[in-house]
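Undergrad: This is my_file.txt (compact mmCIF, C-alpha atoms).
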```txt
# COMPACT_ATOMS: atom_id res chain seq x y z
CA MET A 1 79.47 66.63 97.82
CA ARG A 2 76.61 66.25 95.35
CA PRO A 3 77.04 64.52 91.97
CA ASN A 4 78.64 66.86 89.41
CA SER A 5 79.40 69.52 92.03
CA LEU A 6 83.15 69.03 91.67
CA SER A 7 83.04 69.32 87.88
CA THR A 8 80.89 72.45 88.20
CA ARG A 9 83.33 73.96 90.70
CA VAL A 10 86.34 73.16 88.48
CA ALA A 11 84.61 74.79 85.49
CA ASP A 12 83.83 77.89 87.57
CA GLN A 13 87.44 78.11 88.70
CA ALA A 14 88.68 77.82 85.10
CA THR A 15 86.44 80.75 84.18
CA VAL A 16 87.79 82.84 87.06
CA LEU A 17 91.42 82.01 86.20
CA ASP A 18 90.86 82.83 82.53
CA ARG A 19 89.31 86.20 83.44
CA ALA A 20 92.16 86.99 85.80
CA ALA A 21 94.73 85.98 83.16
CA ARG A 22 93.31 88.56 80.75
CA LEU A 23 93.70 91.32 83.35
CA VAL A 24 97.32 90.69 84.36
CA ARG A 25 100.03 92.68 82.60
CA PRO A 26 103.45 91.19 81.85
CA GLY A 27 105.37 90.88 85.11
CA GLY A 28 102.12 90.83 87.07
CA ARG A 29 100.98 87.96 89.24
CA ILE A 30 97.91 85.91 89.98
CA THR A 31 97.67 84.32 93.40
CA TYR A 32 95.17 81.50 93.14
CA ILE A 33 93.67 80.43 96.47
CA THR A 34 91.05 77.83 97.27
CA CYS A 35 89.62 76.52 100.50
CA SER A 36 89.99 72.98 99.22
CA LEU A 37 92.47 70.14 99.45
CA LEU A 38 91.22 68.40 96.30
CA PRO A 39 93.86 68.13 93.56
CA GLU A 40 91.22 68.73 90.87
CA GLU A 41 90.50 72.19 92.29
CA ASN A 42 94.11 73.03 92.98
CA ASP A 43 97.16 71.84 91.03
CA ALA A 44 94.95 70.52 88.23
CA SER A 45 93.28 73.92 87.83
CA VAL A 46 96.66 75.65 87.64
CA ALA A 47 97.96 73.03 85.20
CA SER A 48 94.87 73.56 83.07
CA LEU A 49 95.48 77.31 82.87
CA LEU A 50 99.12 76.70 81.97
CA ALA A 51 98.01 74.31 79.22
CA ARG A 52 95.54 76.87 77.84
CA ARG A 53 98.12 79.68 77.94
CA PRO A 54 101.50 77.91 77.70
CA ASP A 55 103.53 80.96 76.70
CA ASP A 56 101.87 83.46 79.02
CA PHE A 57 102.37 82.23 82.59
CA ALA A 58 104.93 80.53 84.79
CA VAL A 59 104.46 79.22 88.31
CA ILE A 60 106.53 80.89 90.99
CA PRO A 61 107.58 78.08 93.32
CA ALA A 62 105.74 78.27 96.64
CA SER A 63 109.03 77.79 98.47
CA LYS A 64 110.33 81.02 96.90
CA ILE A 65 107.23 82.95 98.00
CA LEU A 66 107.46 81.53 101.51
CA ASP A 67 111.17 82.30 101.77
CA ALA A 68 110.42 85.93 100.95
CA TYR A 69 107.26 86.49 102.99
CA ALA A 70 106.72 83.74 105.57
CA PRO A 71 109.82 81.56 106.04
CA ASN A 72 108.48 80.04 109.26
CA LEU A 73 105.63 78.39 107.35
CA LEU A 74 107.87 76.36 105.05
CA SER A 75 108.24 73.56 107.58
CA THR A 76 104.49 73.26 108.23
CA VAL A 77 102.85 73.44 104.79
CA ARG A 78 102.81 70.72 102.16
CA LEU A 79 104.38 71.76 98.89
CA THR A 80 102.60 70.52 95.77
CA ARG A 81 103.61 70.59 92.12
CA HIS A 82 102.34 74.14 91.58
CA GLY A 83 101.62 75.53 95.03
CA LEU A 84 101.18 74.64 98.68
CA GLN A 85 98.52 73.20 100.94
CA MET A 86 97.63 74.10 104.49
CA SER A 87 95.54 71.70 106.54
CA PRO A 88 94.19 71.44 110.07
CA ALA A 89 96.60 68.60 110.80
CA ARG A 90 99.72 70.44 109.66
CA THR A 91 99.03 74.14 110.22
CA GLY A 92 96.04 74.31 112.56
CA THR A 93 94.08 76.16 109.86
CA ASP A 94 91.23 75.18 107.62
CA GLY A 95 92.25 73.51 104.38
CA PHE A 96 93.71 75.94 101.85
CA TYR A 97 95.67 75.83 98.62
CA VAL A 98 97.78 78.70 97.29
CA ALA A 99 99.65 79.03 93.99
CA THR A 100 101.27 82.10 92.43
CA LEU A 101 101.66 82.57 88.69
CA GLU A 102 103.58 85.32 86.94
CA ARG A 103 102.68 86.63 83.50
CA ARG A 104 105.62 86.34 81.11
CA ALA A 105 104.10 87.73 77.93
```
So that I can check it, write out the structure of this file as structure tokens.
TA:
Amino acid sequence: MRPNSLSTRVADQATVLDRAARLVRPGGRITYITCSLLPEENDASVASLLARRPDDFAVIPASKILDAYAPNLLSTVRLTRHGLQMSPARTGTDGFYVATLERRA
């Protein structure tokens, strides 16, 4: 990674999340996915959106999403504060992060 590339990527992701947040109606969801295992790009980006829009969004626990759509994955992924991580070591995939947010207001 080049110097400042992570901070540039995090800023780009904040812009994308802010744009998506404006497009989601109450009851709608954003599923935020990265191909990164870095906390700054993942849980920190979600936490940053929640801090910018504290009354608008809530995280849907990844375990709840997995229970509904892919219960077999629950034992192989790593749950994080706001989402889940998949890695070559645990899931045989590339590295991914997934978090789902629901618009409240």
Undergrad: Can you work out the spacing between atom CA of Glu102 of chain A and atom CA of Leu37 of chain A in Å, to one decimal?
TA: 22.6 Å
Undergrad: Need to verify the contact set: Thr100 of chain A, 10 Å, only C-alpha atoms, exclusion of same-chain residues closer than 4 positions in sequence. Can you return it as a list in words?
TA: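 Close residues of Thr100 of chain A: Arg29, Ile30, Thr31, Tyr32, Ile33, Val46, Phe57, Ala58, Val59, Ile60, Pro61, Ala62, Ile65, His82, Gly83 and Leu84 of chain A.
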Undergrad: Restricting it to C-alpha atoms, dump the selection as a PDB file, keeping the file's coordinate frame.
TA:
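Once everything was written out, this is out_15.pdb:
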```pdb
ATOM      1  CA  ARG A  29     100.980  87.960  89.240  1.00  0.00           C
ATOM      2  CA  ILE A  30      97.910  85.910  89.980  1.00  0.00           C
ATOM      3  CA  THR A  31      97.670  84.320  93.400  1.00  0.00           C
ATOM      4  CA  TYR A  32      95.170  81.500  93.140  1.00  0.00           C
ATOM      5  CA  ILE A  33      93.670  80.430  96.470  1.00  0.00           C
ATOM      6  CA  VAL A  46      96.660  75.650  87.640  1.00  0.00           C
ATOM      7  CA  PHE A  57     102.370  82.230  82.590  1.00  0.00           C
ATOM      8  CA  ALA A  58     104.930  80.530  84.790  1.00  0.00           C
ATOM      9  CA  VAL A  59     104.460  79.220  88.310  1.00  0.00           C
ATOM     10  CA  ILE A  60     106.530  80.890  90.990  1.00  0.00           C
ATOM     11  CA  PRO A  61     107.580  78.080  93.320  1.00  0.00           C
ATOM     12  CA  ALA A  62     105.740  78.270  96.640  1.00  0.00           C
ATOM     13  CA  ILE A  65     107.230  82.950  98.000  1.00  0.00           C
ATOM     14  CA  HIS A  82     102.340  74.140  91.580  1.00  0.00           C
ATOM     15  CA  GLY A  83     101.620  75.530  95.030  1.00  0.00           C
ATOM     16  CA  LEU A  84     101.180  74.640  98.680  1.00  0.00           C
TER      17      LEU A  84
END
```
Undergrad: Using only C-alpha atoms for the distances, tell me which of A:Arg9, A:Arg78, A:Arg22, A:Arg2 is nearest to Arg90 of chain A.
TA: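 For Arg90 of chain A, the nearest of the given residues is A:Arg78.
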Undergrad: Mind giving me the straight-line distance from atom CA of Ala105 of chain A to atom CA of Gln13 of chain A in Å, one decimal?
TA: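 Computed distance, atom CA of Ala105 of chain A to atom CA of Gln13 of chain A, equals 22.0 Å.
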Undergrad: When you draw a straight line from atom CA of Val24 of chain A to atom CA of Asp56 of chain A, how long is it in Å?
TA: 10.1 Å
Undergrad: Of the candidates A:Leu50, A:Ala89, A:Leu38, A:Ala70, which one gets nearest to Ala21 of chain A if we count all atoms listed in the file?
TA: A:Leu50
Undergrad: Can you tell me which residues surround Ser87 of chain A at a distance of at most 8 Å, considering only C-alpha atoms, apart from same-chain residues fewer than 4 positions away, and format the answer as a list in words?
TA: Leu37, Val77, Thr91, Gly92, Thr93, Asp94, Gly95 and Phe96 of chain A
Undergrad: For Thr15 of chain A, find every residue with an atom within 12 Å (counting all atoms listed in the file), except residues of its own chain fewer than 3 positions away, and show them as JSON, numbers by chain.
TA: {"A": [8, 9, 10, 11, 12, 18, 19, 20, 21, 22, 45, 46, 48, 49, 52]}
Undergrad: Keeping C-alpha atoms, export the residues of the selection given above as a CSV table (one decimal), in the coordinates of the input.
TA:
```csv
chain,number,residue,atom,x,y,z
A,8,THR,CA,80.9,72.4,88.2
A,9,ARG,CA,83.3,74.0,90.7
A,10,VAL,CA,86.3,73.2,88.5
A,11,ALA,CA,84.6,74.8,85.5
A,12,ASP,CA,83.8,77.9,87.6
A,18,ASP,CA,90.9,82.8,82.5
A,19,ARG,CA,89.3,86.2,83.4
A,20,ALA,CA,92.2,87.0,85.8
A,21,ALA,CA,94.7,86.0,83.2
A,22,ARG,CA,93.3,88.6,80.8
A,45,SER,CA,93.3,73.9,87.8
A,46,VAL,CA,96.7,75.6,87.6
A,48,SER,CA,94.9,73.6,83.1
A,49,LEU,CA,95.5,77.3,82.9
A,52,ARG,CA,95.5,76.9,77.8
```
Undergrad: Looking at only C-alpha atoms, which of A:Leu73, A:Asp55, A:Asp67, A:Leu6 is the one that sits closest to Ser36 of chain A?
TA: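 Using only C-alpha atoms, Ser36 of chain A sits closest to A:Leu6.
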Undergrad: Could you add whatever atoms are missing so that segment 43-68 of chain A carries N, CA, C and O atoms, then write the result as a tab-separated table (two decimals), keeping the file's coordinate frame?
TA:
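So selection_28.tsv came out as:
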```tsv
chain	number	residue	atom	x	y	z
A	43	ASP	N	96.11	71.98	92.04
A	43	ASP	CA	97.16	71.84	91.03
A	43	ASP	C	96.60	71.58	89.64
A	43	ASP	O	97.12	72.09	88.64
A	44	ALA	N	95.52	70.80	89.55
A	44	ALA	CA	94.95	70.52	88.23
A	44	ALA	C	94.38	71.78	87.59
A	44	ALA	O	94.49	71.95	86.37
A	45	SER	N	93.79	72.65	88.38
A	45	SER	CA	93.28	73.92	87.83
A	45	SER	C	94.41	74.81	87.33
A	45	SER	O	94.31	75.43	86.27
A	46	VAL	N	95.50	74.86	88.08
A	46	VAL	CA	96.66	75.65	87.64
A	46	VAL	C	97.26	75.03	86.39
A	46	VAL	O	97.57	75.74	85.42
A	47	ALA	N	97.41	73.71	86.38
A	47	ALA	CA	97.96	73.03	85.20
A	47	ALA	C	97.09	73.27	83.97
A	47	ALA	O	97.60	73.45	82.86
A	48	SER	N	95.79	73.31	84.17
A	48	SER	CA	94.87	73.56	83.07
A	48	SER	C	95.06	74.96	82.49
A	48	SER	O	95.08	75.14	81.27
A	49	LEU	N	95.21	75.95	83.36
A	49	LEU	CA	95.48	77.31	82.87
A	49	LEU	C	96.79	77.35	82.11
A	49	LEU	O	96.88	77.95	81.03
A	50	LEU	N	97.82	76.72	82.65
A	50	LEU	CA	99.12	76.70	81.97
A	50	LEU	C	99.02	76.01	80.61
A	50	LEU	O	99.69	76.43	79.66
A	51	ALA	N	98.19	75.00	80.50
A	51	ALA	CA	98.01	74.31	79.22
A	51	ALA	C	97.26	75.20	78.22
A	51	ALA	O	97.55	75.16	77.02
A	52	ARG	N	96.29	75.98	78.73
A	52	ARG	CA	95.54	76.87	77.84
A	52	ARG	C	96.35	78.07	77.40
A	52	ARG	O	96.12	78.64	76.35
A	53	ARG	N	97.31	78.48	78.21
A	53	ARG	CA	98.12	79.68	77.94
A	53	ARG	C	99.60	79.37	78.17
A	53	ARG	O	100.25	79.97	79.04
A	54	PRO	N	100.16	78.44	77.41
A	54	PRO	CA	101.50	77.91	77.70
A	54	PRO	C	102.62	78.95	77.62
A	54	PRO	O	103.64	78.79	78.29
A	55	ASP	N	102.46	79.97	76.84
A	55	ASP	CA	103.53	80.96	76.70
A	55	ASP	C	103.33	82.18	77.60
A	55	ASP	O	104.20	83.04	77.65
A	56	ASP	N	102.21	82.26	78.27
A	56	ASP	CA	101.87	83.46	79.02
A	56	ASP	C	102.26	83.45	80.49
A	56	ASP	O	102.57	84.50	81.05
A	57	PHE	N	102.19	82.29	81.14
A	57	PHE	CA	102.37	82.23	82.59
A	57	PHE	C	103.38	81.19	83.02
A	57	PHE	O	103.55	80.17	82.36
A	58	ALA	N	104.03	81.47	84.14
A	58	ALA	CA	104.93	80.53	84.79
A	58	ALA	C	104.58	80.51	86.28
A	58	ALA	O	104.24	81.54	86.85
A	59	VAL	N	104.69	79.35	86.88
A	59	VAL	CA	104.46	79.22	88.31
A	59	VAL	C	105.69	79.72	89.06
A	59	VAL	O	106.82	79.39	88.70
A	60	ILE	N	105.46	80.52	90.07
A	60	ILE	CA	106.53	80.89	90.99
A	60	ILE	C	106.51	79.84	92.10
A	60	ILE	O	105.47	79.66	92.75
A	61	PRO	N	107.60	79.14	92.31
A	61	PRO	CA	107.58	78.08	93.32
A	61	PRO	C	107.13	78.61	94.69
A	61	PRO	O	107.57	79.69	95.13
A	62	ALA	N	106.25	77.86	95.33
A	62	ALA	CA	105.74	78.27	96.64
A	62	ALA	C	106.87	78.45	97.64
A	62	ALA	O	106.80	79.35	98.49
A	63	SER	N	107.91	77.66	97.54
A	63	SER	CA	109.03	77.79	98.47
A	63	SER	C	109.70	79.17	98.33
A	63	SER	O	110.13	79.76	99.32
A	64	LYS	N	109.75	79.69	97.13
A	64	LYS	CA	110.33	81.02	96.90
A	64	LYS	C	109.46	82.12	97.53
A	64	LYS	O	109.97	83.04	98.16
A	65	ILE	N	108.15	81.98	97.39
A	65	ILE	CA	107.23	82.95	98.00
A	65	ILE	C	107.34	82.88	99.52
A	65	ILE	O	107.43	83.91	100.20
A	66	LEU	N	107.35	81.67	100.06
A	66	LEU	CA	107.46	81.53	101.51
A	66	LEU	C	108.78	82.06	102.04
A	66	LEU	O	108.81	82.71	103.08
A	67	ASP	N	109.87	81.78	101.33
A	67	ASP	CA	111.17	82.30	101.77
A	67	ASP	C	111.14	83.82	101.89
A	67	ASP	O	111.71	84.39	102.81
A	68	ALA	N	110.45	84.47	100.96
A	68	ALA	CA	110.42	85.93	100.95
A	68	ALA	C	109.45	86.52	101.97
A	68	ALA	O	109.73	87.58	102.54
```
